[in-house]
file work-v7.cif (mmCIF, C-alpha atoms and all ligand atoms)
data_run
#
loop_
_atom_site.group_PDB
_atom_site.id
_atom_site.type_symbol
_atom_site.label_atom_id
_atom_site.label_comp_id
_atom_site.auth_asym_id
_atom_site.auth_seq_id
_atom_site.Cartn_x
_atom_site.Cartn_y
_atom_site.Cartn_z
ATOM 1 C CA MET A 1 0.000 0.000 0.000
ATOM 2 C CA LYS A 2 1.163 3.517 -0.716
ATOM 3 C CA ILE A 3 1.030 5.748 2.363
ATOM 4 C CA LEU A 4 1.048 9.554 2.303
ATOM 5 C CA VAL A 5 2.441 11.018 5.537
ATOM 6 C CA LEU A 6 1.587 14.677 6.185
ATOM 7 C CA THR A 7 3.604 16.319 8.959
ATOM 8 C CA GLY A 8 3.056 19.754 10.495
ATOM 9 C CA SER A 9 5.963 20.627 12.776
ATOM 10 C CA PRO A 10 8.587 23.269 12.023
ATOM 11 C CA ARG A 11 10.968 21.461 14.413
ATOM 12 C CA LYS A 12 12.915 19.127 12.118
ATOM 13 C CA ASN A 13 14.033 16.968 15.023
ATOM 14 C CA GLY A 14 10.916 17.587 17.034
ATOM 15 C CA ASN A 15 8.669 15.107 18.721
ATOM 16 C CA SER A 16 6.063 14.599 16.037
ATOM 17 C CA ASN A 17 8.715 14.215 13.344
ATOM 18 C CA ILE A 18 10.432 11.566 15.475
ATOM 19 C CA LEU A 19 7.141 9.681 15.666
ATOM 20 C CA ALA A 20 6.569 10.147 11.924
ATOM 21 C CA GLU A 21 9.988 8.663 11.244
ATOM 22 C CA ASN A 22 9.289 5.697 13.520
ATOM 23 C CA PHE A 23 5.942 5.114 11.835
ATOM 24 C CA ILE A 24 7.623 5.275 8.417
ATOM 25 C CA GLN A 25 10.357 2.806 9.411
ATOM 26 C CA GLY A 26 7.699 0.370 10.615
ATOM 27 C CA ALA A 27 5.681 0.781 7.434
ATOM 28 C CA ILE A 28 8.754 0.276 5.236
ATOM 29 C CA LYS A 29 9.630 -2.839 7.235
ATOM 30 C CA ALA A 30 6.168 -4.135 6.350
ATOM 31 C CA ARG A 31 6.953 -3.350 2.685
ATOM 32 C CA HIS A 32 4.623 -0.413 2.298
ATOM 33 C CA GLU A 33 5.604 2.479 0.042
ATOM 34 C CA VAL A 34 5.779 5.787 1.915
ATOM 35 C CA VAL A 35 5.764 9.341 0.582
ATOM 36 C CA ARG A 36 6.191 12.186 3.035
ATOM 37 C CA PHE A 37 5.158 15.822 2.891
ATOM 38 C CA ASP A 38 6.627 18.099 5.562
ATOM 39 C CA ALA A 39 4.207 21.012 5.393
ATOM 40 C CA ALA A 40 6.325 23.312 7.579
ATOM 41 C CA PHE A 41 9.078 23.232 4.974
ATOM 42 C CA LYS A 42 6.859 23.634 1.928
ATOM 43 C CA ARG A 43 4.959 26.442 0.309
ATOM 44 C CA VAL A 44 1.241 25.863 0.801
ATOM 45 C CA HIS A 45 -0.889 28.969 0.493
ATOM 46 C CA PRO A 46 -3.940 29.006 2.768
ATOM 47 C CA CYS A 47 -7.251 28.483 0.971
ATOM 48 C CA ILE A 48 -8.941 31.820 0.172
ATOM 49 C CA ASP A 49 -12.434 30.465 -0.624
ATOM 50 C CA CYS A 50 -12.404 31.895 -4.153
ATOM 51 C CA ASN A 51 -14.215 28.742 -5.279
ATOM 52 C CA LYS A 52 -12.340 28.768 -8.576
ATOM 53 C CA CYS A 53 -11.691 25.071 -7.945
ATOM 54 C CA ARG A 54 -15.430 24.582 -8.258
ATOM 55 C CA THR A 55 -15.490 26.008 -11.780
ATOM 56 C CA ASN A 56 -11.973 25.397 -13.056
ATOM 57 C CA GLU A 57 -10.056 22.174 -12.903
ATOM 58 C CA ASN A 58 -7.260 23.608 -10.765
ATOM 59 C CA CYS A 59 -6.758 25.612 -7.610
ATOM 60 C CA VAL A 60 -5.583 29.190 -8.251
ATOM 61 C CA PHE A 61 -2.454 28.442 -6.211
ATOM 62 C CA ASP A 62 0.214 26.550 -8.098
ATOM 63 C CA ASP A 63 2.398 25.588 -5.132
ATOM 64 C CA ASP A 64 3.723 22.609 -3.190
ATOM 65 C CA PHE A 65 0.212 21.325 -2.510
ATOM 66 C CA ASN A 66 0.537 19.848 -5.996
ATOM 67 C CA PHE A 67 2.649 17.117 -4.395
ATOM 68 C CA VAL A 68 -0.195 16.194 -2.041
ATOM 69 C CA LYS A 69 -2.688 16.287 -4.865
ATOM 70 C CA GLU A 70 -0.559 14.042 -7.072
ATOM 71 C CA ASN A 71 0.177 11.510 -4.354
ATOM 72 C CA MET A 72 -3.231 11.464 -2.722
ATOM 73 C CA SER A 73 -5.073 9.714 -5.530
ATOM 74 C CA ASP A 74 -3.084 6.477 -5.496
ATOM 75 C CA SER A 75 -2.362 6.430 -1.764
ATOM 76 C CA GLY A 76 -4.347 3.917 0.205
ATOM 77 C CA MET A 77 -3.592 5.669 3.477
ATOM 78 C CA VAL A 78 -3.033 9.191 4.765
ATOM 79 C CA VAL A 79 -1.287 9.836 8.091
ATOM 80 C CA PHE A 80 -1.771 13.157 9.872
ATOM 81 C CA VAL A 81 1.169 14.093 12.120
ATOM 82 C CA SER A 82 1.242 17.301 14.130
ATOM 83 C CA PRO A 83 2.234 19.038 17.325
ATOM 84 C CA MET A 84 -0.693 20.448 19.281
ATOM 85 C CA TYR A 85 -0.860 24.214 18.910
ATOM 86 C CA TYR A 86 -3.495 25.692 21.196
ATOM 87 C CA PHE A 87 -5.591 22.519 21.142
ATOM 88 C CA GLY A 88 -5.573 22.202 17.371
ATOM 89 C CA VAL A 89 -3.167 20.903 14.770
ATOM 90 C CA SER A 90 -0.437 23.286 13.625
ATOM 91 C CA THR A 91 -1.304 25.968 11.086
ATOM 92 C CA GLN A 92 1.125 24.361 8.675
ATOM 93 C CA LEU A 93 -0.818 21.093 8.632
ATOM 94 C CA LYS A 94 -4.203 22.826 8.745
ATOM 95 C CA ALA A 95 -3.318 24.768 5.601
ATOM 96 C CA VAL A 96 -2.783 21.441 3.820
ATOM 97 C CA ILE A 97 -6.063 20.033 5.106
ATOM 98 C CA ASP A 98 -7.960 23.154 4.034
ATOM 99 C CA ARG A 99 -6.567 22.779 0.532
ATOM 100 C CA PHE A 100 -8.319 19.371 0.386
ATOM 101 C CA TYR A 101 -11.232 21.628 -0.611
ATOM 102 C CA SER A 102 -9.697 21.947 -4.078
ATOM 103 C CA ILE A 103 -9.708 18.165 -4.557
ATOM 104 C CA ASN A 104 -12.782 17.469 -2.459
ATOM 105 C CA GLU A 105 -14.678 15.591 -5.157
ATOM 106 C CA LYS A 106 -11.755 13.220 -5.719
ATOM 107 C CA ILE A 107 -11.005 12.194 -2.152
ATOM 108 C CA HIS A 108 -14.347 10.771 -1.067
ATOM 109 C CA VAL A 109 -13.010 7.322 -1.816
ATOM 110 C CA PRO A 110 -12.133 4.628 0.727
ATOM 111 C CA LYS A 111 -8.752 5.176 2.324
ATOM 112 C CA LYS A 112 -7.128 4.278 5.601
ATOM 113 C CA ALA A 113 -5.870 6.974 7.966
ATOM 114 C CA ALA A 114 -3.966 7.479 11.206
ATOM 115 C CA LEU A 115 -3.347 10.353 13.596
ATOM 116 C CA ILE A 116 -0.136 11.127 15.462
ATOM 117 C CA ILE A 117 0.026 14.164 17.746
ATOM 118 C CA THR A 118 2.389 15.421 20.410
ATOM 119 C CA TYR A 119 1.770 17.900 23.199
ATOM 120 C CA ALA A 120 3.332 19.154 26.390
ATOM 121 C CA ASP A 121 0.508 18.809 28.875
ATOM 122 C CA THR A 122 -0.764 15.533 30.246
ATOM 123 C CA LEU A 123 -4.513 16.096 30.388
ATOM 124 C CA ALA A 124 -6.245 13.708 27.974
ATOM 125 C CA LYS A 125 -9.168 16.096 27.490
ATOM 126 C CA GLU A 126 -6.877 18.623 25.817
ATOM 127 C CA ALA A 127 -6.405 16.245 22.884
ATOM 128 C CA GLU A 128 -10.146 15.831 22.351
ATOM 129 C CA PRO A 129 -10.574 18.716 19.841
ATOM 130 C CA ILE A 130 -7.890 17.310 17.518
ATOM 131 C CA LYS A 131 -9.204 13.770 17.855
ATOM 132 C CA LYS A 132 -12.740 14.932 17.182
ATOM 133 C CA GLN A 133 -11.731 16.940 14.117
ATOM 134 C CA TYR A 134 -9.839 13.932 12.775
ATOM 135 C CA GLU A 135 -12.756 11.597 13.396
ATOM 136 C CA VAL A 136 -15.314 13.915 11.817
ATOM 137 C CA LEU A 137 -13.022 14.464 8.834
ATOM 138 C CA LEU A 138 -12.702 10.708 8.360
ATOM 139 C CA SER A 139 -16.438 10.247 8.676
ATOM 140 C CA TYR A 140 -17.012 12.990 6.068
ATOM 141 C CA LEU A 141 -14.501 11.474 3.652
ATOM 142 C CA GLY A 142 -15.430 7.867 4.308
ATOM 143 C CA TRP A 143 -11.921 6.972 5.463
ATOM 144 C CA GLN A 144 -11.104 4.310 8.040
ATOM 145 C CA ASP A 145 -9.100 5.005 11.197
ATOM 146 C CA MET A 146 -6.190 2.588 11.644
ATOM 147 C CA GLY A 147 -4.865 4.064 14.873
ATOM 148 C CA GLN A 148 -4.170 7.172 16.893
ATOM 149 C CA ILE A 149 -1.023 7.984 18.823
ATOM 150 C CA ILE A 150 -1.692 10.764 21.278
ATOM 151 C CA ALA A 151 1.701 11.523 22.804
ATOM 152 C CA SER A 152 1.238 13.705 25.865
ATOM 153 C CA GLY A 153 3.820 15.099 28.270
ATOM 154 C CA VAL A 154 6.437 15.917 25.628
ATOM 155 C CA TRP A 155 7.499 19.522 25.438
ATOM 156 C CA THR A 156 11.154 19.990 24.518
ATOM 157 C CA GLU A 157 12.534 18.896 21.166
ATOM 158 C CA GLY A 158 13.289 15.168 21.341
ATOM 159 C CA ALA A 159 11.578 14.576 24.691
ATOM 160 C CA VAL A 160 9.455 11.883 23.065
ATOM 161 C CA ASN A 161 12.554 9.717 22.627
ATOM 162 C CA ASN A 162 12.376 8.740 26.292
ATOM 163 C CA THR A 163 8.802 7.495 26.091
ATOM 164 C CA LYS A 164 6.790 4.530 24.864
ATOM 165 C CA TYR A 165 5.496 6.461 21.846
ATOM 166 C CA PRO A 166 8.269 5.846 19.263
ATOM 167 C CA LYS A 167 7.743 2.082 19.549
ATOM 168 C CA MET A 168 3.983 2.588 19.335
ATOM 169 C CA ALA A 169 4.468 4.584 16.123
ATOM 170 C CA TYR A 170 6.816 1.943 14.697
ATOM 171 C CA ASP A 171 4.362 -0.837 15.543
ATOM 172 C CA LEU A 172 1.470 1.106 14.020
ATOM 173 C CA GLY A 173 3.364 1.306 10.738
ATOM 174 C CA LYS A 174 4.539 -2.291 10.869
ATOM 175 C CA ASN A 175 1.192 -3.832 11.749
ATOM 176 C CA LEU A 176 -1.069 -2.080 9.280
HETATM 177 C C1 LIG A 201 2.432 27.782 19.266
HETATM 178 C C2 LIG A 201 2.464 26.625 20.217
HETATM 179 C C3 LIG A 201 1.289 26.221 20.820
HETATM 180 C C4 LIG A 201 1.297 25.137 21.693
HETATM 181 N N1 LIG A 201 0.112 24.763 22.267
HETATM 182 C C5 LIG A 201 0.100 23.720 23.116
HETATM 183 C C6 LIG A 201 -1.106 23.323 23.751
HETATM 184 O O1 LIG A 201 -2.184 23.861 23.514
HETATM 185 N N2 LIG A 201 -1.058 22.311 24.652
HETATM 186 C C7 LIG A 201 0.123 21.667 24.936
HETATM 187 O O2 LIG A 201 0.120 20.774 25.763
HETATM 188 N N3 LIG A 201 1.290 22.011 24.319
HETATM 189 C C8 LIG A 201 1.298 23.017 23.430
HETATM 190 N N4 LIG A 201 2.475 23.368 22.800
HETATM 191 C C9 LIG A 201 3.671 22.516 22.996
HETATM 192 C C10 LIG A 201 3.869 21.521 21.841
HETATM 193 O O3 LIG A 201 2.655 20.905 21.484
HETATM 194 C C11 LIG A 201 4.877 20.443 22.237
HETATM 195 O O4 LIG A 201 6.127 21.022 22.552
HETATM 196 C C12 LIG A 201 5.037 19.395 21.156
HETATM 197 O O5 LIG A 201 5.732 18.278 21.633
HETATM 198 C C13 LIG A 201 5.778 19.971 19.947
HETATM 199 O O6 LIG A 201 5.887 18.996 18.944
HETATM 200 P P1 LIG A 201 7.049 19.072 17.862
HETATM 201 O O7 LIG A 201 8.354 18.894 18.612
HETATM 202 O O8 LIG A 201 6.759 17.963 16.934
HETATM 203 O O9 LIG A 201 6.955 20.398 17.190
HETATM 204 C C14 LIG A 201 2.508 24.447 21.951
HETATM 205 C C15 LIG A 201 3.693 24.858 21.326
HETATM 206 C C16 LIG A 201 3.670 25.944 20.475
HETATM 207 C C17 LIG A 201 4.961 26.367 19.814
#

call {"tool": "encode", "arguments": {"input": "work-v7.cif", "output": "structure tokens", "more": "lines below"}}
Ligand SMILES: Cc1cc2nc3c(=O)[nH]c(=O)nc-3n(C[C@H](O)[C@H](O)[C@H](O)COP(=O)(O)O)c2cc1C
result
Amino acid sequence: MKILVLTGSPRKNGNSNILAENFIQGAIKARHEVVRFDAAFKRVHPCIDCNKCRTNENCVFDDDFNFVKENMSDSGMVVFVSPMYYFGVSTQLKAVIDRFYSINEKIHVPKKAALIITYADTLAKEAEPIKKQYEVLLSYLGWQDMGQIIASGVWTEGAVNNTKYPKMAYDLGKNL
């Protein structure tokens, strides 16, 4: 299966990217094909609701979202990876998700999905908004959840290395 991994952290060696890498290693071990899009290091203009994508074939923005568009169609799975920023996903990842609008008619097809988030606090309820958005998005698109890694209590860059979460991410990728 081809897997599209969308990450949202600007910290190259940050916690969510560490988990993304572990997930990817597990998935490769299980012989899946993985393509990765690091939104924080790409040019993705926020959607401006011009609705040109409803009349024209293409979005008015010809930017790095093209990579997502091209790889989405033949990917059987999409993985959302993000740090928590004020109880939501990072702006960088949200900009990518909002641009789904321009390919909305093409992505209501069965796919698998997973969610990986990292955050500093330890209260489970703080992760509920992100989990809920992910679940409603999947329900809207008709995609199937394959697993969620909600890594709490990790603040500084690399703190997640000393936790159970990297192995969980690896196993998620390996056992798909
Ligand atoms: C702008 C910003 C907002 C944040 N908001 C939250 C938050 O609402 N709750 C929380 O527990 N941590 C919050 N954090 C901490 C990060 O979620 C945490 O450090 C996370 O592990 C970062 O992941 P990364 O290393 O992959 O970027 C915030 C950090 C930043 C920079």

call {"tool": "closest_residue", "arguments": {"input": "work-v7.cif", "among": "A:Ile3, A:Cys53, A:Ala159, A:Ala113", "to": "A:Ile24", "atoms": "only C-alpha atoms"}}
result
A:Ile3

call {"tool": "residues_near_ligand", "arguments": {"input": "work-v7.cif", "ligand": "ligand LIG 201 (chain A)", "cutoff": "9 Å", "atoms": "all atoms listed in the file", "output": "PyMOL selection string"}}
result
chain A and resi 7-19+81-90+117-123+126-127+151-160

call {"tool": "residues_around", "arguments": {"input": "work-v7.cif", "residues": "stretch 96-109 of chain A", "least_positions_apart": "5", "cutoff": "10 Å", "atoms": "only C-alpha atoms", "output": "PyMOL selection string"}}
result
chain A and resi 6-8+37+39+43-49+51-54+56-61+64-65+68-69+72-73+76+80+91+137-143

call {"tool": "resolve_selection", "arguments": {"input": "work-v7.cif", "expression": "the PyMOL selection byres (((chain A and resi 30) around 10) and not hetatm)", "output": "MDAnalysis selection string"}}
result
chainID A and resid 1 24:29 31:33 171 173:176

call {"tool": "closest_residue", "arguments": {"input": "work-v7.cif", "among": "A:Tyr165, A:Tyr170, A:Tyr134, A:Phe67", "to": "A:Phe23", "atoms": "all atoms listed in the file"}}
result
A:Tyr170

call {"tool": "atom_distance", "arguments": {"input": "work-v7.cif", "atom1": "atom CA of A:Thr55", "atom2": "atom CA of A:Pro110"}}
result
25.0 Å

call {"tool": "atom_distance", "arguments": {"input": "work-v7.cif", "atom1": "atom CA of A:Gln144", "atom2": "atom CA of A:Glu21"}}
result
21.8 Å

call {"tool": "residues_around", "arguments": {"input": "work-v7.cif", "residues": "A:Asp145", "least_positions_apart": "3", "cutoff": "9 Å", "atoms": "only C-alpha atoms", "output": "PyMOL selection string"}}
result
chain A and resi 111-115+135+138+148

call {"tool": "closest_residue", "arguments": {"input": "work-v7.cif", "among": "A:Arg36, A:Lys167, A:Lys132, A:Lys125", "to": "A:Val79", "atoms": "all atoms listed in the file"}}
result
A:Arg36

call {"tool": "atom_distance", "arguments": {"input": "work-v7.cif", "atom1": "atom CA of A:Ala169", "atom2": "atom CA of A:Val35"}}
result
16.3 Å

call {"tool": "closest_residue", "arguments": {"input": "work-v7.cif", "among": "A:Ile116, A:Asn66, A:Cys50, A:Ala40", "to": "A:Lys94", "atoms": "only C-alpha atoms"}}
result
A:Ala40
